[in-house]
Amino acid sequence: MLRALADCNNFYASCERVLDPSLRDVPIVVLSNNDGCVIARSAEAKALGIAMGAPYFEVRRTCEAHGVRIFSSNFAVYGEFSERVMAALTEQARDIEVYSVDEAFLGFPDMPAAEARALGLRIKEAVLRATGIPVSLGMGATKVLCKLANERAKSDRASGGVLVVPYDDAGREEFLRGVDSEDVWGVGPGLAARLRAHRIVSALDLAQADPAFVRRVAGVVGERLALELRGISCHDIVEDAGPRQSVMVSRSFGRPVSDAAELAEAVAAHAARGAEKLREDGLVAATVVVMLRTNRHRLDQEQYFADEAEPLDPPTDDARAICAAAGRAFARIRATATCTRRPACCCRGCPPRPSCSPACRASARRSTRSATA
């Protein structure tokens, strides 16, 4: 099977450009909840040295000096764009696994590399035409190779946004040459350090290492990475990952908050939104967990984290029951909650609602989107 990773380019910034075409070629930054830090940048903003995750106050002067357009995140709108992109990709691929809000793995029958590249260019054009969102595609025999190819397709203008990893051993080894092991999908700093200790410093080193030796050094995860780099697939396209097991709603305050009434209002709003998400997906919750924490980035302040769980018997998606349970959980921890920055509400143990079929759940999601349009 030929696999591909389709990844939207600068997704949140691209969404803003679709909504306002005059923003083309204008540097764009999208900020997190309450405009705390940078969560998306256009290519022009990246060129200015604005780092992902940077607190806005640190880059504000740079933004003002270079005319960067600043947007507060609008995840509801971005979610709608994501659904359109995935719908467009579904029309083009035999198999599809939605990996994140802006990424999907695609599956196709095997074909020559030239045909694969032509297919990738057609998919790229089809998604752009249908949604206005630019995508890049990395194509190859395995998911790990697709991930590497996608990253290179984004940075290599000559690729046209589509790159196919060569099928033959010599071509694949040339593709991997010069790629650090840390740049391989799934290799974190700890695993990279263990690999370096055994002189495995590049993706090519990892691909050429004995799988049994890699397994002793890096476990089964490392062994599978090595095999995938060789073109041997260890991860199939998973079209249906199954229902979610929890629903989380969280939002940071713009300032530390210690007032119990204000915190209770935020927790209730989060619980109500969690119930709405449950109904959209045809799920019910068995437990509600309320969490409060301080700003973990302010090391000069006292750090605080607390959580309390409240069971729901029977499991439900009723907002009244969920809000009441969240209120009871909050009452048990608010006495010690001071200077909270981020309250959260999590609904856990989420089986499908017994009377709700998959078709019913899809209809509920469509109805919810229509009501909020």
# chains A, B, ... in the order shown; residues from 1 in each chain; ligands from 1
call {"tool": "residues_around", "arguments": {"residues": "range 125-141 of chain A", "least_positions_apart": "5", "cutoff": "6 Å", "atoms": "only C-alpha atoms", "output": "PyMOL selection string"}}
result
chain A and resi 2-9+18+88+146+149-150+161-165+231
call {"tool": "write_last_selection", "arguments": {"atoms": "C-alpha atoms", "output": "PDB file, in the first residue's frame"}}
result
ATOM      1  CA  LEU A   2       1.134   3.528  -0.793  1.00  0.00           C
ATOM      2  CA  ARG A   3       0.667   5.903   2.109  1.00  0.00           C
ATOM      3  CA  ALA A   4       0.611   9.682   2.325  1.00  0.00           C
ATOM      4  CA  LEU A   5       0.444  12.338   5.021  1.00  0.00           C
ATOM      5  CA  ALA A   6      -1.582  15.403   4.104  1.00  0.00           C
ATOM      6  CA  ASP A   7      -0.803  18.324   6.413  1.00  0.00           C
ATOM      7  CA  CYS A   8      -2.358  21.782   6.189  1.00  0.00           C
ATOM      8  CA  ASN A   9       0.205  24.569   5.891  1.00  0.00           C
ATOM      9  CA  VAL A  18      -9.590  32.309   3.684  1.00  0.00           C
ATOM     10  CA  ALA A  88     -12.148  16.854   0.515  1.00  0.00           C
ATOM     11  CA  CYS A 146       5.564  10.034   4.985  1.00  0.00           C
ATOM     12  CA  ALA A 149       8.697  13.571   3.382  1.00  0.00           C
ATOM     13  CA  ASN A 150       5.967  15.981   4.419  1.00  0.00           C
ATOM     14  CA  GLY A 161       4.411  20.772  -1.895  1.00  0.00           C
ATOM     15  CA  VAL A 162       4.448  17.056  -2.789  1.00  0.00           C
ATOM     16  CA  LEU A 163       7.373  14.702  -2.158  1.00  0.00           C
ATOM     17  CA  VAL A 164       7.518  10.946  -2.739  1.00  0.00           C
ATOM     18  CA  VAL A 165      10.152   8.914  -0.893  1.00  0.00           C
ATOM     19  CA  GLY A 231      10.139   0.822   4.179  1.00  0.00           C
TER      20      GLY A 231
END
call {"tool": "residues_around", "arguments": {"residues": "range 90-102 of chain A", "least_positions_apart": "4", "cutoff": "8 Å", "atoms": "only C-alpha atoms", "output": "VMD selection string"}}
result
chain A and resid 7 to 8 11 79 82 86 106 to 109 123 237 to 240
call {"tool": "residues_around", "arguments": {"residues": "range 329-334 of chain A", "least_positions_apart": "3", "cutoff": "9 Å", "atoms": "only C-alpha atoms", "output": "PDB file with all heavy atoms, in the first residue's frame"}}
result
ATOM      1  N   SER A 258      -8.961  34.399  42.313  1.00  0.00           N
ATOM      2  CA  SER A 258      -9.162  33.699  43.577  1.00  0.00           C
ATOM      3  C   SER A 258     -10.597  33.807  44.065  1.00  0.00           C
ATOM      4  O   SER A 258     -10.967  33.155  45.041  1.00  0.00           O
ATOM      5  CB  SER A 258      -8.210  34.255  44.648  1.00  0.00           C
ATOM      6  OG  SER A 258      -8.411  35.647  44.806  1.00  0.00           O
ATOM      7  N   ALA A 260     -14.227  32.948  44.594  1.00  0.00           N
ATOM      8  CA  ALA A 260     -14.920  31.666  44.476  1.00  0.00           C
ATOM      9  C   ALA A 260     -16.082  31.736  43.499  1.00  0.00           C
ATOM     10  O   ALA A 260     -16.320  30.796  42.735  1.00  0.00           O
ATOM     11  CB  ALA A 260     -15.401  31.204  45.850  1.00  0.00           C
ATOM     12  N   LEU A 263     -14.773  31.688  39.919  1.00  0.00           N
ATOM     13  CA  LEU A 263     -14.291  30.355  39.579  1.00  0.00           C
ATOM     14  C   LEU A 263     -15.459  29.387  39.365  1.00  0.00           C
ATOM     15  O   LEU A 263     -15.461  28.587  38.428  1.00  0.00           O
ATOM     16  CB  LEU A 263     -13.381  29.827  40.684  1.00  0.00           C
ATOM     17  CG  LEU A 263     -11.991  30.455  40.787  1.00  0.00           C
ATOM     18  CD1 LEU A 263     -11.296  29.988  42.063  1.00  0.00           C
ATOM     19  CD2 LEU A 263     -11.149  30.083  39.572  1.00  0.00           C
ATOM     20  N   ALA A 264     -16.467  29.468  40.234  1.00  0.00           N
ATOM     21  CA  ALA A 264     -17.625  28.583  40.110  1.00  0.00           C
ATOM     22  C   ALA A 264     -18.352  28.813  38.794  1.00  0.00           C
ATOM     23  O   ALA A 264     -18.812  27.866  38.146  1.00  0.00           O
ATOM     24  CB  ALA A 264     -18.578  28.801  41.283  1.00  0.00           C
ATOM     25  N   VAL A 267     -16.294  27.137  36.041  1.00  0.00           N
ATOM     26  CA  VAL A 267     -16.419  25.685  36.096  1.00  0.00           C
ATOM     27  C   VAL A 267     -17.778  25.252  35.542  1.00  0.00           C
ATOM     28  O   VAL A 267     -17.883  24.274  34.783  1.00  0.00           O
ATOM     29  CB  VAL A 267     -16.225  25.177  37.531  1.00  0.00           C
ATOM     30  CG1 VAL A 267     -16.647  23.713  37.659  1.00  0.00           C
ATOM     31  CG2 VAL A 267     -14.767  25.343  37.952  1.00  0.00           C
ATOM     32  N   VAL A 288     -17.273  13.222  36.463  1.00  0.00           N
ATOM     33  CA  VAL A 288     -16.872  14.591  36.165  1.00  0.00           C
ATOM     34  C   VAL A 288     -15.688  14.934  37.054  1.00  0.00           C
ATOM     35  O   VAL A 288     -15.728  14.702  38.267  1.00  0.00           O
ATOM     36  CB  VAL A 288     -18.013  15.592  36.420  1.00  0.00           C
ATOM     37  CG1 VAL A 288     -17.520  17.029  36.219  1.00  0.00           C
ATOM     38  CG2 VAL A 288     -19.182  15.319  35.492  1.00  0.00           C
ATOM     39  N   VAL A 289     -14.624  15.468  36.455  1.00  0.00           N
ATOM     40  CA  VAL A 289     -13.428  15.859  37.199  1.00  0.00           C
ATOM     41  C   VAL A 289     -13.218  17.356  37.019  1.00  0.00           C
ATOM     42  O   VAL A 289     -13.201  17.862  35.889  1.00  0.00           O
ATOM     43  CB  VAL A 289     -12.174  15.106  36.712  1.00  0.00           C
ATOM     44  CG1 VAL A 289     -10.955  15.513  37.546  1.00  0.00           C
ATOM     45  CG2 VAL A 289     -12.385  13.604  36.791  1.00  0.00           C
ATOM     46  N   VAL A 290     -13.094  18.079  38.119  1.00  0.00           N
ATOM     47  CA  VAL A 290     -12.811  19.518  38.097  1.00  0.00           C
ATOM     48  C   VAL A 290     -11.360  19.719  38.512  1.00  0.00           C
ATOM     49  O   VAL A 290     -10.905  19.137  39.502  1.00  0.00           O
ATOM     50  CB  VAL A 290     -13.747  20.287  39.048  1.00  0.00           C
ATOM     51  CG1 VAL A 290     -13.336  21.759  39.144  1.00  0.00           C
ATOM     52  CG2 VAL A 290     -15.187  20.179  38.548  1.00  0.00           C
ATOM     53  N   MET A 291     -10.644  20.539  37.743  1.00  0.00           N
ATOM     54  CA  MET A 291      -9.225  20.792  38.011  1.00  0.00           C
ATOM     55  C   MET A 291      -8.967  22.288  38.077  1.00  0.00           C
ATOM     56  O   MET A 291      -9.490  23.046  37.257  1.00  0.00           O
ATOM     57  CB  MET A 291      -8.363  20.164  36.902  1.00  0.00           C
ATOM     58  CG  MET A 291      -8.382  18.646  36.907  1.00  0.00           C
ATOM     59  SD  MET A 291      -7.718  17.923  35.384  1.00  0.00           S
ATOM     60  CE  MET A 291      -9.174  18.003  34.345  1.00  0.00           C
ATOM     61  N   LEU A 292      -8.167  22.689  39.017  1.00  0.00           N
ATOM     62  CA  LEU A 292      -7.739  24.079  39.157  1.00  0.00           C
ATOM     63  C   LEU A 292      -6.222  24.102  39.253  1.00  0.00           C
ATOM     64  O   LEU A 292      -5.625  23.272  39.951  1.00  0.00           O
ATOM     65  CB  LEU A 292      -8.331  24.737  40.413  1.00  0.00           C
ATOM     66  CG  LEU A 292      -9.852  24.767  40.555  1.00  0.00           C
ATOM     67  CD1 LEU A 292     -10.232  25.406  41.883  1.00  0.00           C
ATOM     68  CD2 LEU A 292     -10.494  25.518  39.401  1.00  0.00           C
ATOM     69  N   ALA A 306      -5.024  21.186  41.972  1.00  0.00           N
ATOM     70  CA  ALA A 306      -5.953  20.337  42.703  1.00  0.00           C
ATOM     71  C   ALA A 306      -6.995  19.798  41.739  1.00  0.00           C
ATOM     72  O   ALA A 306      -7.353  20.456  40.757  1.00  0.00           O
ATOM     73  CB  ALA A 306      -6.628  21.111  43.833  1.00  0.00           C
ATOM     74  N   ASP A 307      -7.473  18.591  42.029  1.00  0.00           N
ATOM     75  CA  ASP A 307      -8.576  18.052  41.239  1.00  0.00           C
ATOM     76  C   ASP A 307      -9.470  17.211  42.133  1.00  0.00           C
ATOM     77  O   ASP A 307      -9.037  16.655  43.146  1.00  0.00           O
ATOM     78  CB  ASP A 307      -8.074  17.244  40.049  1.00  0.00           C
ATOM     79  CG  ASP A 307      -7.260  16.020  40.463  1.00  0.00           C
ATOM     80  OD1 ASP A 307      -6.979  15.871  41.658  1.00  0.00           O
ATOM     81  OD2 ASP A 307      -6.902  15.230  39.578  1.00  0.00           O
ATOM     82  N   GLU A 308     -10.736  17.162  41.776  1.00  0.00           N
ATOM     83  CA  GLU A 308     -11.716  16.367  42.496  1.00  0.00           C
ATOM     84  C   GLU A 308     -12.645  15.714  41.484  1.00  0.00           C
ATOM     85  O   GLU A 308     -13.038  16.341  40.494  1.00  0.00           O
ATOM     86  CB  GLU A 308     -12.540  17.227  43.462  1.00  0.00           C
ATOM     87  CG  GLU A 308     -11.832  17.582  44.747  1.00  0.00           C
ATOM     88  CD  GLU A 308     -11.725  16.394  45.700  1.00  0.00           C
ATOM     89  OE1 GLU A 308     -12.479  15.414  45.528  1.00  0.00           O
ATOM     90  OE2 GLU A 308     -10.890  16.456  46.617  1.00  0.00           O
ATOM     91  N   ALA A 309     -12.988  14.455  41.728  1.00  0.00           N
ATOM     92  CA  ALA A 309     -13.873  13.710  40.836  1.00  0.00           C
ATOM     93  C   ALA A 309     -15.222  13.493  41.511  1.00  0.00           C
ATOM     94  O   ALA A 309     -15.302  13.276  42.728  1.00  0.00           O
ATOM     95  CB  ALA A 309     -13.246  12.366  40.478  1.00  0.00           C
ATOM     96  N   GLU A 310     -16.278  13.538  40.709  1.00  0.00           N
ATOM     97  CA  GLU A 310     -17.636  13.300  41.189  1.00  0.00           C
ATOM     98  C   GLU A 310     -18.303  12.301  40.243  1.00  0.00           C
ATOM     99  O   GLU A 310     -18.410  12.537  39.034  1.00  0.00           O
ATOM    100  CB  GLU A 310     -18.420  14.610  41.216  1.00  0.00           C
ATOM    101  CG  GLU A 310     -19.845  14.485  41.713  1.00  0.00           C
ATOM    102  CD  GLU A 310     -19.932  14.249  43.220  1.00  0.00           C
ATOM    103  OE1 GLU A 310     -18.912  14.449  43.917  1.00  0.00           O
ATOM    104  OE2 GLU A 310     -21.022  13.855  43.690  1.00  0.00           O
ATOM    105  N   ALA A 324     -24.238  20.142  38.068  1.00  0.00           N
ATOM    106  CA  ALA A 324     -24.398  19.943  39.508  1.00  0.00           C
ATOM    107  C   ALA A 324     -23.249  19.121  40.081  1.00  0.00           C
ATOM    108  O   ALA A 324     -22.709  19.432  41.151  1.00  0.00           O
ATOM    109  CB  ALA A 324     -25.733  19.252  39.787  1.00  0.00           C
ATOM    110  N   ALA A 325     -22.845  18.085  39.359  1.00  0.00           N
ATOM    111  CA  ALA A 325     -21.723  17.262  39.820  1.00  0.00           C
ATOM    112  C   ALA A 325     -20.431  18.068  39.838  1.00  0.00           C
ATOM    113  O   ALA A 325     -19.622  17.950  40.771  1.00  0.00           O
ATOM    114  CB  ALA A 325     -21.578  16.038  38.916  1.00  0.00           C
ATOM    115  N   ALA A 326     -20.221  18.890  38.810  1.00  0.00           N
ATOM    116  CA  ALA A 326     -19.025  19.740  38.775  1.00  0.00           C
ATOM    117  C   ALA A 326     -19.039  20.717  39.943  1.00  0.00           C
ATOM    118  O   ALA A 326     -17.993  21.002  40.544  1.00  0.00           O
ATOM    119  CB  ALA A 326     -18.956  20.488  37.449  1.00  0.00           C
ATOM    120  N   ALA A 337      -8.167  26.883  46.962  1.00  0.00           N
ATOM    121  CA  ALA A 337      -7.793  27.398  45.644  1.00  0.00           C
ATOM    122  C   ALA A 337      -7.500  28.885  45.711  1.00  0.00           C
ATOM    123  O   ALA A 337      -8.363  29.669  46.043  1.00  0.00           O
ATOM    124  CB  ALA A 337      -8.906  27.137  44.635  1.00  0.00           C
ATOM    125  N   THR A 338      -6.262  29.259  45.423  1.00  0.00           N
ATOM    126  CA  THR A 338      -5.897  30.664  45.420  1.00  0.00           C
ATOM    127  C   THR A 338      -5.186  31.004  44.117  1.00  0.00           C
ATOM    128  O   THR A 338      -4.393  30.216  43.606  1.00  0.00           O
ATOM    129  CB  THR A 338      -4.956  30.988  46.598  1.00  0.00           C
ATOM    130  OG1 THR A 338      -3.807  30.171  46.509  1.00  0.00           O
ATOM    131  CG2 THR A 338      -5.665  30.748  47.913  1.00  0.00           C
TER     132      THR A 338
END
